[in-house]
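Take a look at the structure below.
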4 protein chains.
Amino acid sequence: MQPFVWESRIRFVDTDASGRIHYTALLRHFEAAEFEFLRSIGCSYNTLEGGYPRVHVECDYLAALRADDLISTAVTVDRVGGTSFTFGYSVSVEGRPAAKGKITIVCIDPKTQRPRPLPERLAESLRRQAG
Amino acid sequence: MQPFVWESRIRFVDTDASGRIHYTALLRHFEAAEFEFLRSIGCSYNTLEGGYPRVHVECDYLAALRADDLISTAVTVDRVGGTSFTFGYSVSVEGRPAAKGKITIVCIDPKTQRPRPLPERLAESLRRQAG
Amino acid sequence: MQPFVWESRIRFVDTDASGRIHYTALLRHFEAAEFEFLRSIGCSYNTLEGGYPRVHVECDYLAALRADDLISTAVTVDRVGGTSFTFGYSVSVEGRPAAKGKITIVCIDPKTQRPRPLPERLAESLRRQAG
Amino acid sequence: MQPFVWESRIRFVDTDASGRIHYTALLRHFEAAEFEFLRSIGCSYNTLEGGYPRVHVECDYLAALRADDLISTAVTVDRVGGTSFTFGYSVSVEGRPAAKGKITIVCIDPKTQRPRPLPERLAESLRRQAG
């Protein structure tokens, strides 16, 4: 299966005084790609029960990105557990790899703030993509 | 009366590829100064009824700020109305003026999302500072 | 002349604990619209001589924006001076006005950090848009 | 040796519509703690040769943080290599652990954008802290 790919542009506000992207700004692009991926499989967070905080984030920065670079972020489903799941993110710019990340998201009950089982609709859709 | 002054440091994440602060980042420092000012007069937002969205923001940028600059932000109460109020912000670095801003905040009822009268405790405290 | 319009989506990172957009986040969308407008008239900043800091920013927030809202930002050229220019920004969501802003940008010589005349190519293009 | 600890306050702009901190915002607090740690050992980046991009970032989020929470971030030197080093970050709020992160920073030659040996002054200071 082809991974979902989202294009976005590095903005001036994303850069810092080094002239390159500030590492935290790339994570905003991950978020856009993730939300669009979930929309594409009919599982936008705001259509699902539960809250979805991140419990683990990691990223390797492989190349400098600069303002106006047009990046492609591929989103893959790396793991689907009972109460959490892990997305993989691969960023490239003009075909060259620029970053590789991983984020684990847990589904919580907003009232108790405790983990709860993933909504079945989400779990099934993610498993199909992880396929 | 001496205005309330809050010190904060420009961070690397606040800068952009020009080598100077990104103009939006300074507004984060305004927010810190404003919250600390309200704490100092016993009126932190989280102790007050209502929501407090901004309805008007303006800022003149008078000098370049750079990473690691230690700035002082003076907060003044420029206006206290029935349902809204306006804060003034004067930023200086090493005694030189660096920015001057103004923010108008309206008190809303979170349920109706419509303006409502300022809580009396807040209105009184602000009027005393505006004095 | 039809104004340039740029579509973008409010992201989760743009929101705050009020459930609405944080007012500073909208300015990131202004920036994207502005850079795309300049690209559309062949005047991206990175193709022009000089630095382009903001010296004045103002914005009226007219309606609450929330995560996933698709906004349209119209960019107009409000003024073209000798060393500076002013853009207007009108944000709407589903046809309803959501914000109205204005930003004045000055062209500086990066070496002296002093204002310098706008590059002729930029001044002409902006004047044509200001119609 | 006591680790260096930096106190900072979660700001409203750091939160998102979940009511909790947005995970990227915590990394801004890591950055403040890291810069203050380096200042405390006389090795602020702006006094050192070279550029210092991040090549790896990871973080486990252990508890929800909210606006106005006062956090403590302990910074430790986890590794000092020839051209790079790794910092550890432990965040607590009122004594309870809230997050644990790790960032690897490489020293580059700004001209070639290639890794170069750490300045001796920095390497020595970090090794002393790594104890």
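Each chain in the structure tokens gets a letter, A, B, ..., in the order shown, and its residues are numbered from 1; ligands are numbered from 1 in order too.
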| field | Distance-based interface of chain D with chain A, 10 Å, counting only C-alpha atoms, as a ChimeraX atom specification | value | /D:18,20-28,51-64,99-104,110,113
| field | Shell around Glu124 in chain D at 12 Å using only C-alpha atoms, local window under 6 positions removed, as a PyMOL selection string | value | chain D and resi 41-43+77+80-82+85+118+130-131
Go ahead and write the residues just picked, N, CA and C atoms, as a short mmCIF file (atom, residue, chain, number, x, y, z; two decimals), in the first residue's frame.
```cif
data_model
loop_
_atom_site.label_atom_id
_atom_site.label_comp_id
_atom_site.auth_asym_id
_atom_site.auth_seq_id
_atom_site.Cartn_x
_atom_site.Cartn_y
_atom_site.Cartn_z
N ILE D 41 27.60 27.20 33.06
CA ILE D 41 28.96 26.62 33.00
C ILE D 41 29.85 27.44 32.07
N GLY D 42 29.40 28.63 31.74
CA GLY D 42 30.25 29.55 30.96
C GLY D 42 30.40 29.18 29.50
N CYS D 43 29.43 28.45 28.96
CA CYS D 43 29.53 27.97 27.58
C CYS D 43 28.30 28.30 26.75
N VAL D 77 24.18 15.97 31.50
CA VAL D 77 24.99 15.65 30.32
C VAL D 77 25.07 14.13 30.22
N VAL D 80 29.23 12.78 25.91
CA VAL D 80 30.05 13.77 25.22
C VAL D 80 30.89 13.03 24.19
N GLY D 81 30.62 13.24 22.93
CA GLY D 81 31.37 12.57 21.86
C GLY D 81 32.37 13.53 21.23
N GLY D 82 32.91 13.14 20.09
CA GLY D 82 33.91 13.97 19.42
C GLY D 82 33.30 15.19 18.76
N PHE D 85 27.01 15.81 21.40
CA PHE D 85 26.77 15.52 22.80
C PHE D 85 25.27 15.36 23.01
N LEU D 118 34.02 19.28 18.71
CA LEU D 118 33.53 20.24 19.70
C LEU D 118 34.67 21.17 20.10
N ALA D 130 29.36 15.75 33.21
CA ALA D 130 28.91 14.37 33.01
C ALA D 130 29.42 13.50 34.15
N GLY D 131 30.38 14.05 34.84
CA GLY D 131 30.93 13.44 36.06
C GLY D 131 31.29 12.00 35.86
#
```
| Near Ser84 in chain D, counting only C-alpha atoms, which residues have an atom at most 6 Å away, once you skip same-chain residues fewer than 6 positions from it, shown as an MDAnalysis selection string? | chainID D and resid 105:107
| message | Once chain A is fitted to chain C on all Cα atoms paired one-to-one in order, how large is the remaining RMSD? | response | 0.1 Å
| query | Which residues come within 9 Å of Glu7 in chain D, counting only C-alpha atoms, excluding same-chain residues fewer than 2 positions away, as a list of chain:residue names? | reply | D:Val5, D:Arg9, D:His29, D:Ala33, D:Leu70, D:Ile71, D:Ser72, D:Thr73, D:Ala74
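The space separating CA of Asp69 in chain A from CA of Ala98 in chain A comes to 11.0 Å.
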| task | Once DSSP has gone over the backbone, tell me which residues of range 10-90 of chain B are in alpha helix (DSSP H), as number ranges by chain. | result | B: 23-40
Which of range 33-112 of chain C fall in strand (DSSP E), as a CSV table (one decimal) with N, CA, C and O atoms, in the first residue's frame:
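The new file states08.csv reads:
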```
chain,number,residue,atom,x,y,z
C,54,ARG,N,9.1,43.4,10.2
C,54,ARG,CA,7.8,44.1,10.5
C,54,ARG,C,8.0,45.2,11.5
C,54,ARG,O,8.7,45.0,12.5
C,55,VAL,N,7.4,46.4,11.2
C,55,VAL,CA,7.5,47.5,12.2
C,55,VAL,C,6.2,47.8,12.9
C,55,VAL,O,6.1,48.4,13.9
C,56,HIS,N,5.1,47.3,12.3
C,56,HIS,CA,3.8,47.5,12.9
C,56,HIS,C,2.9,46.4,12.5
C,56,HIS,O,2.8,45.9,11.4
C,57,VAL,N,2.2,45.9,13.5
C,57,VAL,CA,1.2,44.8,13.3
C,57,VAL,C,-0.1,45.2,14.1
C,57,VAL,O,0.0,45.7,15.2
C,58,GLU,N,-1.2,45.0,13.4
C,58,GLU,CA,-2.5,45.1,14.2
C,58,GLU,C,-3.5,44.1,13.7
C,58,GLU,O,-3.4,43.7,12.5
C,59,CYS,N,-4.4,43.7,14.5
C,59,CYS,CA,-5.4,42.7,14.1
C,59,CYS,C,-6.6,42.8,15.0
C,59,CYS,O,-6.5,42.9,16.2
C,60,ASP,N,-7.8,42.8,14.3
C,60,ASP,CA,-9.1,42.7,15.0
C,60,ASP,C,-9.6,41.2,14.8
C,60,ASP,O,-9.7,40.8,13.7
C,61,TYR,N,-9.9,40.6,15.9
C,61,TYR,CA,-10.4,39.3,15.9
C,61,TYR,C,-11.9,39.3,16.0
C,61,TYR,O,-12.5,39.8,17.0
C,70,LEU,N,-11.2,25.7,8.0
C,70,LEU,CA,-10.5,26.0,6.8
C,70,LEU,C,-10.8,27.5,6.5
C,70,LEU,O,-11.9,27.9,6.3
C,71,ILE,N,-9.7,28.3,6.6
C,71,ILE,CA,-9.9,29.7,6.5
C,71,ILE,C,-9.4,30.2,5.1
C,71,ILE,O,-8.5,29.6,4.5
C,72,SER,N,-9.9,31.4,4.7
C,72,SER,CA,-9.4,32.1,3.5
C,72,SER,C,-8.9,33.4,4.0
C,72,SER,O,-9.5,34.2,4.7
C,73,THR,N,-7.6,33.7,3.5
C,73,THR,CA,-7.0,35.0,3.9
C,73,THR,C,-6.8,35.8,2.6
C,73,THR,O,-6.0,35.4,1.8
C,74,ALA,N,-7.5,36.9,2.5
C,74,ALA,CA,-7.3,37.8,1.4
C,74,ALA,C,-6.2,38.8,1.7
C,74,ALA,O,-6.2,39.3,2.8
C,75,VAL,N,-5.2,39.0,0.8
C,75,VAL,CA,-4.1,39.9,1.1
C,75,VAL,C,-4.2,41.0,0.1
C,75,VAL,O,-4.4,40.8,-1.1
C,76,THR,N,-4.2,42.3,0.6
C,76,THR,CA,-4.3,43.4,-0.2
C,76,THR,C,-3.1,44.3,0.1
C,76,THR,O,-2.5,44.3,1.2
C,77,VAL,N,-2.7,45.1,-0.9
C,77,VAL,CA,-1.6,46.1,-0.7
C,77,VAL,C,-2.3,47.4,-0.3
C,77,VAL,O,-2.9,48.1,-1.2
C,78,ASP,N,-2.1,47.8,0.9
C,78,ASP,CA,-2.8,49.0,1.4
C,78,ASP,C,-2.0,50.3,1.2
C,78,ASP,O,-2.6,51.4,1.1
C,79,ARG,N,-0.7,50.2,1.1
C,79,ARG,CA,0.2,51.4,1.0
C,79,ARG,C,1.5,50.9,0.5
C,79,ARG,O,2.1,49.9,0.9
C,80,VAL,N,2.1,51.7,-0.4
C,80,VAL,CA,3.5,51.5,-0.9
C,80,VAL,C,4.3,52.8,-0.7
C,80,VAL,O,3.9,53.8,-1.3
C,84,SER,N,9.0,51.4,2.8
C,84,SER,CA,8.1,50.5,3.5
C,84,SER,C,6.8,50.3,2.8
C,84,SER,O,6.5,51.0,1.8
C,85,PHE,N,6.0,49.3,3.2
C,85,PHE,CA,4.7,49.0,2.6
C,85,PHE,C,3.8,48.4,3.6
C,85,PHE,O,4.3,47.8,4.6
C,86,THR,N,2.5,48.4,3.4
C,86,THR,CA,1.6,47.9,4.3
C,86,THR,C,0.6,46.9,3.6
C,86,THR,O,0.1,47.2,2.6
C,87,PHE,N,0.5,45.7,4.2
C,87,PHE,CA,-0.4,44.7,3.7
C,87,PHE,C,-1.7,44.7,4.6
C,87,PHE,O,-1.6,44.9,5.8
C,88,GLY,N,-2.8,44.4,3.9
C,88,GLY,CA,-4.1,44.2,4.7
C,88,GLY,C,-4.4,42.7,4.6
C,88,GLY,O,-4.1,42.1,3.5
C,89,TYR,N,-5.0,42.2,5.6
C,89,TYR,CA,-5.4,40.7,5.6
C,89,TYR,C,-6.8,40.6,6.1
C,89,TYR,O,-7.2,41.2,7.1
C,90,SER,N,-7.6,39.9,5.3
C,90,SER,CA,-9.0,39.7,5.7
C,90,SER,C,-9.3,38.2,5.8
C,90,SER,O,-9.2,37.5,4.7
C,91,VAL,N,-9.6,37.7,6.9
C,91,VAL,CA,-9.8,36.3,7.1
C,91,VAL,C,-11.2,36.0,7.2
C,91,VAL,O,-12.0,36.7,7.9
C,92,SER,N,-11.7,35.0,6.4
C,92,SER,CA,-13.1,34.5,6.6
C,92,SER,C,-13.1,33.0,6.7
C,92,SER,O,-12.2,32.3,6.3
C,93,VAL,N,-14.2,32.5,7.3
C,93,VAL,CA,-14.4,31.1,7.5
C,93,VAL,C,-15.8,30.8,7.0
C,93,VAL,O,-16.7,31.4,7.6
C,96,ARG,N,-18.0,33.8,6.5
C,96,ARG,CA,-18.1,34.8,7.6
C,96,ARG,C,-16.8,35.4,7.9
C,96,ARG,O,-15.8,34.7,8.0
C,97,PRO,N,-16.7,36.8,8.1
C,97,PRO,CA,-15.5,37.4,8.5
C,97,PRO,C,-15.0,36.9,9.8
C,97,PRO,O,-15.8,36.8,10.8
C,98,ALA,N,-13.7,36.7,10.0
C,98,ALA,CA,-13.2,36.1,11.2
C,98,ALA,C,-12.1,37.0,11.8
C,98,ALA,O,-11.8,37.0,13.0
C,99,ALA,N,-11.4,37.8,10.9
C,99,ALA,CA,-10.3,38.6,11.4
C,99,ALA,C,-9.9,39.6,10.3
C,99,ALA,O,-10.2,39.4,9.1
C,100,LYS,N,-9.4,40.7,10.8
C,100,LYS,CA,-8.9,41.8,9.8
C,100,LYS,C,-7.6,42.4,10.4
C,100,LYS,O,-7.6,42.8,11.5
C,101,GLY,N,-6.6,42.3,9.6
C,101,GLY,CA,-5.3,42.8,10.1
C,101,GLY,C,-4.5,43.7,9.1
C,101,GLY,O,-5.0,43.9,8.0
C,102,LYS,N,-3.4,44.2,9.6
C,102,LYS,CA,-2.6,45.1,8.8
C,102,LYS,C,-1.2,45.0,9.3
C,102,LYS,O,-0.9,44.9,10.5
C,103,ILE,N,-0.2,44.9,8.4
C,103,ILE,CA,1.2,44.7,8.8
C,103,ILE,C,2.0,45.7,7.9
C,103,ILE,O,1.8,45.7,6.7
C,104,THR,N,2.9,46.5,8.6
C,104,THR,CA,3.8,47.3,7.9
C,104,THR,C,5.2,46.8,7.9
C,104,THR,O,5.7,46.4,9.0
C,105,ILE,N,5.8,46.7,6.8
C,105,ILE,CA,7.1,46.0,6.6
C,105,ILE,C,8.0,47.0,6.1
C,105,ILE,O,7.7,47.8,5.1
C,106,VAL,N,9.2,47.1,6.6
C,106,VAL,CA,10.2,48.1,6.1
C,106,VAL,C,11.4,47.3,5.5
C,106,VAL,O,11.7,46.2,5.9
C,108,ILE,N,15.2,47.0,4.9
C,108,ILE,CA,16.4,47.4,5.5
C,108,ILE,C,17.7,46.9,4.8
C,108,ILE,O,17.6,45.8,4.1
C,109,ASP,N,18.7,47.6,4.9
C,109,ASP,CA,20.0,47.1,4.5
C,109,ASP,C,20.6,46.2,5.6
C,109,ASP,O,20.8,46.7,6.7
```
| said: So, with only C-alpha atoms as the atoms that count, which of C:Phe35, C:Trp6, C:Phe30, C:Phe12 lies closest to Ala67 in chain C? | reply: C:Phe12
